[in-house]
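Enquirer: To start, I am sharing the structure in question, which I have written as structure tokens.
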Amino acid sequence: DVEVLRRVVVVAQDVERGTPVSNPMVRDVEMWVSPRGEAGPTSAGQVVGKRARRTLRSGEVLRGADLEEAVVIERGALVHVTCLKGGIGVQARGQAMEDGREGDMIECRRVDSKKCFRARVDGTGRVVVVLD
């Protein structure tokens with residue numbers, strides 16, 4: 001088989017499914033790998049903060065499918081809502097009705113109302129609604 005020398009991220013210690021990855025858990029190395037298949041992350045900085053989709057064993061080379069973005073808003077959490085229309089923004093408090101990762105569209109409701117709306121997760125505790 002043909003192999004190529006690539007920079008890859010290797011698991012330095014076992015990581016349980018759902019655990020956020022931190023610096024001591026991974027290291028970047030250069031190693032000979034098959035050119036076939038999915039190209040994974042090339043530096044530990046790309047994976048720190050993401051969560052393991054499955055149990056990762058020490059010595060494994062990480063693939064992109066092994067990790068997922070961390071949940072930054074949990075169901076029931078209070079969120080800061082920014083509603084944008086043109087160049088005007090209005091801010092309010094809301095409550096997340098479901099978990100969300102950055103970039104996800106989630107169901108929310110205003111704190112003082114039962115009316116629900118969809119908003120894009122913009123970071124920890126922040127959602128944005130863009131009106132046409």
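How things are named: the first chain in the structure tokens is A, the next is B, and so on; residues count from 1 in each chain; ligands count from 1 in the order shown.
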List as a list in words the protein and nucleic acid residues near Met105 of chain A, meaning an atom at most 8 Å away when only C-alpha atoms are counted, but skip any in the same chain fewer than 5 places from it.
Expert: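 Answer for this query is Gly100, Arg118, Ala119, Arg120 and Val121 of chain A.
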Enquirer: Fewer than 4 positions away in the same chain doesn't count, so skip those; otherwise give me all residues within 8 Å of Glu74 of chain A, counting only C-alpha atoms, as a PyMOL selection string.
Expert: chain A and resi 96+98-100
Enquirer: So that I can check the surroundings of Arg36 of chain A, please list as a PyMOL selection string every protein, DNA and RNA residue that reaches within 12 Å of it, counting only C-alpha atoms and ignoring chain neighbours fewer than 3 positions away.
Expert: chain A and resi 1-4+33+39-40
Enquirer: Filtering to N, CA and C atoms, could you give me those residues as a CSV table (one decimal), in the first residue's frame?
Expert:
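The resulting result.csv:
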```csv
chain,number,residue,atom,x,y,z
A,1,ASP,N,0.8,-1.2,0.0
A,1,ASP,CA,0.0,0.0,0.0
A,1,ASP,C,0.9,1.3,0.0
A,2,VAL,N,0.4,2.3,-0.6
A,2,VAL,CA,1.0,3.6,-0.7
A,2,VAL,C,0.6,4.4,0.6
A,3,GLU,N,1.6,5.0,1.2
A,3,GLU,CA,1.3,5.9,2.3
A,3,GLU,C,2.0,7.2,2.1
A,4,VAL,N,1.4,8.3,2.8
A,4,VAL,CA,1.9,9.6,2.7
A,4,VAL,C,2.2,10.1,4.1
A,33,VAL,N,0.4,7.7,6.7
A,33,VAL,CA,-1.0,7.2,6.7
A,33,VAL,C,-1.4,7.0,5.3
A,39,ALA,N,-9.8,13.0,5.3
A,39,ALA,CA,-8.7,13.7,6.0
A,39,ALA,C,-9.2,14.3,7.3
A,40,GLY,N,-8.5,14.0,8.3
A,40,GLY,CA,-8.9,14.5,9.7
A,40,GLY,C,-8.3,15.8,10.0
```
Enquirer: Compare A:Lys50, A:Ser22, A:Gly86, A:Gly94 by their minimum atom-to-atom distance to Ala70 of chain A, counting only C-alpha atoms, and give me the closest one.
Expert: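 Using only C-alpha atoms, Ala70 of chain A sits closest to A:Lys50.
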Enquirer: Write out as a list of chain:residue names which residues come within 7 Å of segment 16-18 of chain A when counting only C-alpha atoms, dropping same-chain ones fewer than 4 positions away.
Expert: A:Arg51, A:Ala52, A:Arg53, A:Arg54, A:Thr55, A:Leu56
